[in-house]
Structures are given as structure tokens and as C-alpha cells.
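Engineer: To be precise about what I am sending: the file is called start-v9.csv and holds CSV, N, CA, C and O atoms.
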chain,number,residue,atom,x,y,z
W,1,MET,N,9.7,-12.2,-4.9
W,1,MET,CA,8.9,-12.3,-3.7
W,1,MET,C,8.2,-10.9,-3.6
W,1,MET,O,8.8,-9.9,-3.7
W,2,ILE,N,6.9,-10.9,-3.3
W,2,ILE,CA,6.2,-9.7,-3.1
W,2,ILE,C,6.6,-8.9,-1.9
W,2,ILE,O,6.8,-9.4,-0.8
W,3,PRO,N,6.8,-7.6,-2.0
W,3,PRO,CA,7.2,-6.7,-0.9
W,3,PRO,C,6.1,-6.7,0.2
W,3,PRO,O,4.9,-6.8,-0.2
W,4,THR,N,6.4,-6.6,1.4
W,4,THR,CA,5.5,-6.7,2.5
W,4,THR,C,4.4,-5.7,2.4
W,4,THR,O,3.2,-6.0,2.6
W,5,CYS,N,4.7,-4.5,1.9
W,5,CYS,CA,3.7,-3.4,1.8
W,5,CYS,C,2.5,-3.7,0.8
W,5,CYS,O,1.5,-3.2,0.9
W,6,PHE,N,2.8,-4.7,-0.1
W,6,PHE,CA,1.7,-5.1,-1.0
W,6,PHE,C,1.0,-6.4,-0.7
W,6,PHE,O,0.0,-6.7,-1.3
W,7,SER,N,1.5,-7.1,0.3
W,7,SER,CA,0.9,-8.4,0.6
W,7,SER,C,-0.5,-8.4,1.0
W,7,SER,O,-1.2,-9.4,0.7
W,8,ASP,N,-1.1,-7.4,1.5
W,8,ASP,CA,-2.5,-7.3,1.9
W,8,ASP,C,-3.4,-7.0,0.7
W,8,ASP,O,-4.6,-6.9,0.9
W,9,TYR,N,-2.9,-6.7,-0.4
W,9,TYR,CA,-3.7,-6.2,-1.6
W,9,TYR,C,-3.9,-7.2,-2.7
W,9,TYR,O,-4.5,-6.8,-3.7
W,10,TYR,N,-3.5,-8.4,-2.5
W,10,TYR,CA,-3.7,-9.4,-3.6
W,10,TYR,C,-5.1,-9.5,-4.0
W,10,TYR,O,-5.4,-9.6,-5.2
W,11,SER,N,-6.0,-9.5,-3.1
W,11,SER,CA,-7.5,-9.7,-3.5
W,11,SER,C,-8.0,-8.4,-4.1
W,11,SER,O,-9.0,-8.5,-4.9
W,12,MET,N,-7.4,-7.3,-3.9
W,12,MET,CA,-7.9,-6.0,-4.4
W,12,MET,C,-7.3,-5.6,-5.8
W,12,MET,O,-7.9,-4.9,-6.5
W,13,ILE,N,-6.1,-6.2,-6.0
W,13,ILE,CA,-5.3,-5.8,-7.2
W,13,ILE,C,-4.9,-7.1,-7.9
W,13,ILE,O,-3.8,-7.6,-7.7
W,14,PRO,N,-5.8,-7.6,-8.8
W,14,PRO,CA,-5.5,-8.9,-9.5
W,14,PRO,C,-4.1,-8.9,-10.2
W,14,PRO,O,-3.5,-9.9,-10.4
W,15,LEU,N,-3.7,-7.7,-10.7
W,15,LEU,CA,-2.4,-7.6,-11.4
W,15,LEU,C,-1.2,-8.2,-10.6
W,15,LEU,O,-0.3,-8.7,-11.1
W,16,LEU,N,-1.3,-8.1,-9.3
W,16,LEU,CA,-0.2,-8.6,-8.4
W,16,LEU,C,0.0,-10.0,-8.6
W,16,LEU,O,1.1,-10.5,-8.4
W,17,ASN,N,-1.0,-10.8,-9.0
W,17,ASN,CA,-0.9,-12.2,-9.2
W,17,ASN,C,-0.1,-12.5,-10.5
W,17,ASN,O,0.4,-13.6,-10.7
W,18,GLU,N,0.1,-11.5,-11.4
W,18,GLU,CA,0.8,-11.7,-12.6
W,18,GLU,C,2.2,-11.3,-12.6
W,18,GLU,O,3.0,-11.4,-13.5
W,19,VAL,N,2.7,-10.7,-11.4
W,19,VAL,CA,4.0,-10.2,-11.3
W,19,VAL,C,5.0,-11.4,-11.2
W,19,VAL,O,4.8,-12.3,-10.3
W,20,THR,N,6.1,-11.4,-12.0
W,20,THR,CA,7.1,-12.4,-11.9
W,20,THR,C,8.4,-11.9,-11.4
W,20,THR,O,9.3,-12.6,-11.0
W,21,GLU,N,8.6,-10.5,-11.4
W,21,GLU,CA,9.8,-9.9,-10.9
W,21,GLU,C,9.6,-8.5,-10.3
W,21,GLU,O,8.8,-7.7,-10.9
W,22,TRP,N,10.1,-8.3,-9.1
W,22,TRP,CA,10.0,-7.0,-8.5
W,22,TRP,C,11.4,-6.3,-8.4
W,22,TRP,O,12.4,-7.0,-8.0
W,23,SER,N,11.5,-5.0,-8.8
W,23,SER,CA,12.8,-4.3,-8.7
W,23,SER,C,12.5,-3.0,-8.0
W,23,SER,O,11.7,-2.1,-8.5
W,24,LEU,N,13.1,-2.8,-6.8
W,24,LEU,CA,12.9,-1.6,-6.0
W,24,LEU,C,13.5,-0.4,-6.7
W,24,LEU,O,14.7,-0.5,-7.1
W,25,LEU,N,12.8,0.6,-7.0
W,25,LEU,CA,13.3,1.9,-7.6
W,25,LEU,C,13.7,2.9,-6.5
W,25,LEU,O,14.6,3.6,-6.6
W,26,ARG,N,12.8,3.0,-5.5
W,26,ARG,CA,13.1,3.9,-4.4
W,26,ARG,C,12.2,3.5,-3.2
W,26,ARG,O,11.1,3.1,-3.3
W,27,LYS,N,12.7,3.8,-2.0
W,27,LYS,CA,12.0,3.5,-0.8
W,27,LYS,C,12.2,4.7,0.2
W,27,LYS,O,13.3,5.0,0.6
W,28,TRP,N,11.1,5.5,0.4
W,28,TRP,CA,11.2,6.6,1.3
W,28,TRP,C,10.2,6.3,2.4
W,28,TRP,O,9.5,5.3,2.5
W,29,ALA,N,10.2,7.2,3.4
W,29,ALA,CA,9.4,7.0,4.6
W,29,ALA,C,7.9,6.9,4.2
W,29,ALA,O,7.1,6.2,4.8
W,30,LEU,N,7.4,7.7,3.2
W,30,LEU,CA,6.0,7.8,2.9
W,30,LEU,C,5.6,6.9,1.7
W,30,LEU,O,4.4,6.7,1.4
W,31,SER,N,6.6,6.3,0.9
W,31,SER,CA,6.2,5.5,-0.2
W,31,SER,C,7.3,4.6,-0.7
W,31,SER,O,8.5,4.8,-0.3
W,32,GLU,N,6.9,3.6,-1.5
W,32,GLU,CA,7.9,2.7,-2.1
W,32,GLU,C,7.5,2.6,-3.6
W,32,GLU,O,6.3,2.5,-3.9
W,33,VAL,N,8.4,2.6,-4.5
W,33,VAL,CA,8.2,2.5,-5.9
W,33,VAL,C,9.0,1.3,-6.5
W,33,VAL,O,10.1,1.2,-6.2
W,34,TYR,N,8.3,0.4,-7.2
W,34,TYR,CA,8.9,-0.8,-7.8
W,34,TYR,C,8.6,-0.8,-9.3
W,34,TYR,O,7.5,-0.4,-9.8
W,35,ARG,N,9.5,-1.3,-10.1
W,35,ARG,CA,9.2,-1.7,-11.5
W,35,ARG,C,9.0,-3.2,-11.4
W,35,ARG,O,9.7,-4.0,-10.8
W,36,VAL,N,7.8,-3.6,-12.0
W,36,VAL,CA,7.5,-5.1,-12.0
W,36,VAL,C,7.5,-5.6,-13.4
W,36,VAL,O,7.1,-4.9,-14.3
W,37,LYS,N,7.8,-6.8,-13.5
W,37,LYS,CA,7.7,-7.5,-14.8
W,37,LYS,C,6.5,-8.5,-14.7
W,37,LYS,O,6.4,-9.2,-13.7
W,38,LEU,N,5.6,-8.5,-15.7
W,38,LEU,CA,4.5,-9.3,-15.7
W,38,LEU,C,4.8,-10.6,-16.4
W,38,LEU,O,5.7,-10.7,-17.2
W,39,ALA,N,3.9,-11.6,-16.3
W,39,ALA,CA,4.1,-12.9,-17.0
W,39,ALA,C,4.0,-12.7,-18.5
W,39,ALA,O,4.6,-13.4,-19.2
W,40,THR,N,3.4,-11.6,-18.9
W,40,THR,CA,3.3,-11.3,-20.4
W,40,THR,C,4.6,-10.7,-20.9
W,40,THR,O,4.7,-10.6,-22.1
W,41,GLY,N,5.5,-10.3,-20.0
W,41,GLY,CA,6.7,-9.6,-20.4
W,41,GLY,C,6.6,-8.1,-20.3
W,41,GLY,O,7.6,-7.4,-20.4
W,42,GLU,N,5.4,-7.6,-20.2
W,42,GLU,CA,5.2,-6.2,-20.0
W,42,GLU,C,5.8,-5.7,-18.6
W,42,GLU,O,6.0,-6.5,-17.7
W,43,THR,N,6.2,-4.4,-18.5
W,43,THR,CA,6.6,-3.9,-17.3
W,43,THR,C,5.7,-2.8,-16.8
W,43,THR,O,5.0,-2.1,-17.7
W,44,ARG,N,5.5,-2.6,-15.6
W,44,ARG,CA,4.7,-1.5,-15.0
W,44,ARG,C,5.5,-1.0,-13.8
W,44,ARG,O,6.3,-1.6,-13.2
W,45,ILE,N,5.1,0.3,-13.4
W,45,ILE,CA,5.6,0.9,-12.2
W,45,ILE,C,4.5,0.8,-11.2
W,45,ILE,O,3.3,1.1,-11.5
W,46,ILE,N,4.8,0.2,-10.0
W,46,ILE,CA,3.8,0.1,-8.9
W,46,ILE,C,4.3,0.9,-7.7
W,46,ILE,O,5.4,0.8,-7.3
W,47,LYS,N,3.4,1.7,-7.2
W,47,LYS,CA,3.8,2.6,-6.0
W,47,LYS,C,2.8,2.3,-4.9
W,47,LYS,O,1.6,2.2,-5.0
W,48,TRP,N,3.4,2.2,-3.7
W,48,TRP,CA,2.7,2.0,-2.5
W,48,TRP,C,2.9,3.3,-1.7
W,48,TRP,O,4.0,3.8,-1.6
W,49,GLY,N,1.9,3.9,-1.2
W,49,GLY,CA,2.0,5.1,-0.4
W,49,GLY,C,1.2,5.0,0.9
W,49,GLY,O,0.1,4.4,0.9
W,50,GLY,N,1.7,5.4,2.0
W,50,GLY,CA,1.1,5.4,3.3
W,50,GLY,C,-0.1,6.3,3.3
W,50,GLY,O,-0.5,7.0,2.3
W,51,SER,N,-0.8,6.4,4.4
W,51,SER,CA,-2.0,7.2,4.5
W,51,SER,C,-1.8,8.7,4.2
W,51,SER,O,-2.8,9.3,3.7
W,52,GLU,N,-0.6,9.2,4.3
W,52,GLU,CA,-0.4,10.6,4.0
W,52,GLU,C,-0.5,10.8,2.5
W,52,GLU,O,-0.7,11.9,2.0
W,53,MET,N,-0.3,9.7,1.7
W,53,MET,CA,-0.3,9.8,0.2
W,53,MET,C,-1.7,9.3,-0.4
W,53,MET,O,-1.8,9.2,-1.6
W,54,ALA,N,-2.7,9.1,0.5
W,54,ALA,CA,-3.9,8.5,0.0
W,54,ALA,C,-4.6,9.3,-1.1
W,54,ALA,O,-5.3,8.7,-1.9
W,55,ARG,N,-4.5,10.6,-1.2
W,55,ARG,CA,-5.2,11.4,-2.2
W,55,ARG,C,-4.3,11.6,-3.4
W,55,ARG,O,-4.8,12.3,-4.4
W,56,GLU,N,-3.1,11.1,-3.5
W,56,GLU,CA,-2.3,11.4,-4.7
W,56,GLU,C,-2.9,11.0,-6.0
W,56,GLU,O,-2.8,11.8,-7.0
W,57,ALA,N,-3.5,9.8,-6.1
W,57,ALA,CA,-4.1,9.4,-7.4
W,57,ALA,C,-5.2,10.3,-7.8
W,57,ALA,O,-5.4,10.6,-9.0
W,58,GLY,N,-6.0,10.7,-6.9
W,58,GLY,CA,-7.2,11.6,-7.1
W,58,GLY,C,-6.7,13.0,-7.6
W,58,GLY,O,-7.3,13.6,-8.5
W,59,ILE,N,-5.7,13.5,-7.0
W,59,ILE,CA,-5.1,14.8,-7.4
W,59,ILE,C,-4.5,14.7,-8.8
W,59,ILE,O,-4.8,15.6,-9.6
W,60,TYR,N,-3.8,13.6,-9.1
W,60,TYR,CA,-3.3,13.4,-10.4
W,60,TYR,C,-4.4,13.4,-11.4
W,60,TYR,O,-4.4,14.0,-12.5
W,61,ARG,N,-5.5,12.6,-11.1
W,61,ARG,CA,-6.6,12.5,-12.0
W,61,ARG,C,-7.3,13.8,-12.2
W,61,ARG,O,-7.7,14.2,-13.4
W,62,ASP,N,-7.5,14.6,-11.2
W,62,ASP,CA,-8.2,15.9,-11.3
W,62,ASP,C,-7.4,17.0,-11.8
W,62,ASP,O,-8.0,17.9,-12.4
W,63,LEU,N,-6.1,17.0,-11.5
W,63,LEU,CA,-5.3,18.2,-11.9
W,63,LEU,C,-4.4,18.0,-13.2
W,63,LEU,O,-4.3,18.8,-14.0
W,64,VAL,N,-3.8,16.8,-13.2
W,64,VAL,CA,-2.8,16.6,-14.3
W,64,VAL,C,-3.5,16.0,-15.6
W,64,VAL,O,-3.3,16.5,-16.7
W,65,HIS,N,-4.4,15.1,-15.4
W,65,HIS,CA,-5.0,14.4,-16.6
W,65,HIS,C,-5.8,15.5,-17.4
W,65,HIS,O,-5.7,15.4,-18.7
W,66,PRO,N,-6.6,16.4,-16.9
W,66,PRO,CA,-7.3,17.3,-17.7
W,66,PRO,C,-6.4,18.2,-18.6
W,66,PRO,O,-6.8,18.8,-19.6
W,67,LEU,N,-5.2,18.4,-18.2
W,67,LEU,CA,-4.2,19.2,-18.9
W,67,LEU,C,-3.7,18.5,-20.2
W,67,LEU,O,-3.1,19.2,-21.1
W,68,GLN,N,-4.1,17.3,-20.4
W,68,GLN,CA,-3.7,16.5,-21.5
W,68,GLN,C,-2.2,16.5,-21.8
W,68,GLN,O,-1.7,16.6,-22.9
W,69,LEU,N,-1.4,16.5,-20.7
W,69,LEU,CA,0.0,16.4,-20.8
W,69,LEU,C,0.5,15.0,-21.0
W,69,LEU,O,-0.2,14.0,-20.7
W,70,LYS,N,1.6,14.8,-21.6
W,70,LYS,CA,2.2,13.5,-21.7
W,70,LYS,C,2.6,13.1,-20.3
W,70,LYS,O,3.5,13.7,-19.7
W,71,ALA,N,1.9,12.1,-19.7
W,71,ALA,CA,2.2,11.7,-18.3
W,71,ALA,C,1.9,10.2,-18.2
W,71,ALA,O,1.2,9.6,-19.0
W,72,PRO,N,2.4,9.6,-17.1
W,72,PRO,CA,2.1,8.2,-16.9
W,72,PRO,C,0.6,7.9,-16.7
W,72,PRO,O,-0.1,8.8,-16.2
W,73,GLN,N,0.2,6.8,-17.2
W,73,GLN,CA,-1.2,6.4,-17.0
W,73,GLN,C,-1.4,5.6,-15.7
W,73,GLN,O,-0.6,4.7,-15.4
W,74,ILE,N,-2.4,6.0,-15.0
W,74,ILE,CA,-2.7,5.2,-13.8
W,74,ILE,C,-3.8,4.2,-14.2
W,74,ILE,O,-4.8,4.5,-14.7
W,75,PHE,N,-3.4,2.9,-14.0
W,75,PHE,CA,-4.2,1.8,-14.4
W,75,PHE,C,-5.3,1.5,-13.3
W,75,PHE,O,-6.4,1.1,-13.6
W,76,GLU,N,-4.8,1.7,-12.1
W,76,GLU,CA,-5.6,1.2,-11.0
W,76,GLU,C,-5.1,1.8,-9.7
W,76,GLU,O,-3.9,2.0,-9.6
W,77,PHE,N,-6.0,2.1,-8.7
W,77,PHE,CA,-5.5,2.4,-7.4
W,77,PHE,C,-6.5,2.0,-6.3
W,77,PHE,O,-7.6,1.8,-6.6
W,78,VAL,N,-5.9,1.7,-5.2
W,78,VAL,CA,-6.7,1.2,-4.0
W,78,VAL,C,-6.4,2.1,-2.9
W,78,VAL,O,-5.3,2.4,-2.6
Produce C-alpha cells that represent the structure in this file.
Structural biologist:
Amino acid sequence: MIPTCFSDYYSMIPLLNEVTEWSLLRKWALSEVYRVKLATGETRIIKWGGSEMAREAGIYRDLVHPLQLKAPQIFEFV
């Protein structure tokens, strides 16, 4: 079952329709992180962050990505 924090995002994140299994990795006041299994058998990490975390993906893209470090790939953010 989809966690409540993601339920409003089905129309914006099509990948959510492919999730067959949710595993909570951590839940803090500002964010929740899940490992999901897709219908294809692939796994992904999905993170929800409250308004305080809204700039996190942009900071990652602007600061970490240009350094060409081995780091997680961000597929999508809303």
C-alpha cells in the first residue's frame, strides 16, 4: 500500500503506478525514505521531503553532480 505522503503524487510521478512493494528505510520529521520494488523487479529509493527539503534535489544537481562523484542518480523530482 502506498504511504500517505505519496498518495497525492500519482498523477505527477508515473513510476508510482509501477510499485509493487514499499519498504520503509527511515522516517524523520522532515522526510521519509523507502525502498520500492517495481513490477519489472528493479528497486529504487524514493524520498519524500516536506517544504523545508524542497531545494534538496536542486542543490544535489548543482553542487554534487558537477563534481562527477560516484553518487545516486536522481531520476525525477516534484
Engineer: Could you list, as a VMD selection string, every residue within 6 Å of W:Arg44, counting only N, CA, C and O atoms and ignoring same-chain residues fewer than 3 positions away?
Structural biologist: chain W and resid 34 to 38
Engineer: Could you list, as a list in words, every residue within 8 Å of stretch 67-77 of chain W, counting only N, CA, C and O atoms and ignoring same-chain residues fewer than 2 positions away?
Structural biologist: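 Result of the neighbour search: Met12, Ile13, Ile45, Ile46, Lys47, Ala57, Tyr60, Arg61, Asp62, Leu63, Val64 and His65 of chain W.
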Engineer: Just list as an MDAnalysis selection string whatever in stretch 4-78 of chain W DSSP marks as helix (DSSP H, G or I).
Structural biologist: chainID W and resid 4:9 14:18 51:53 56:67
Engineer: Per DSSP on the backbone, what are the strand (DSSP E) residues of chain W, as a PyMOL selection string?
Structural biologist: chain W and resi 19-27+31-38+43-49
Engineer: One decimal, in Å: what's the spacing between atom O of W:Ala54 and atom C of W:Val78?
Structural biologist: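 Distance between the two atoms: 6.8 Å.
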Engineer: I'd like the contact shell of W:Val33 - 12 Å cut-off, only C-alpha atoms, skipping same-chain residues fewer than 4 positions apart - returned as a VMD selection string.
Structural biologist: chain W and resid 3 5 to 6 22 to 29 44 to 50
Engineer: Mind checking which residues fall within 8 Å of W:Ala39, counting only C-alpha atoms, ignoring those fewer than 4 positions away in the same chain, and posting them as a list in words?
Structural biologist: Glu18, Val19 and Thr20 of chain W
Engineer: To one decimal place in Å, what is the distance between atom CA of W:Glu21 and atom O of W:Thr43?
Structural biologist: 11.4 Å
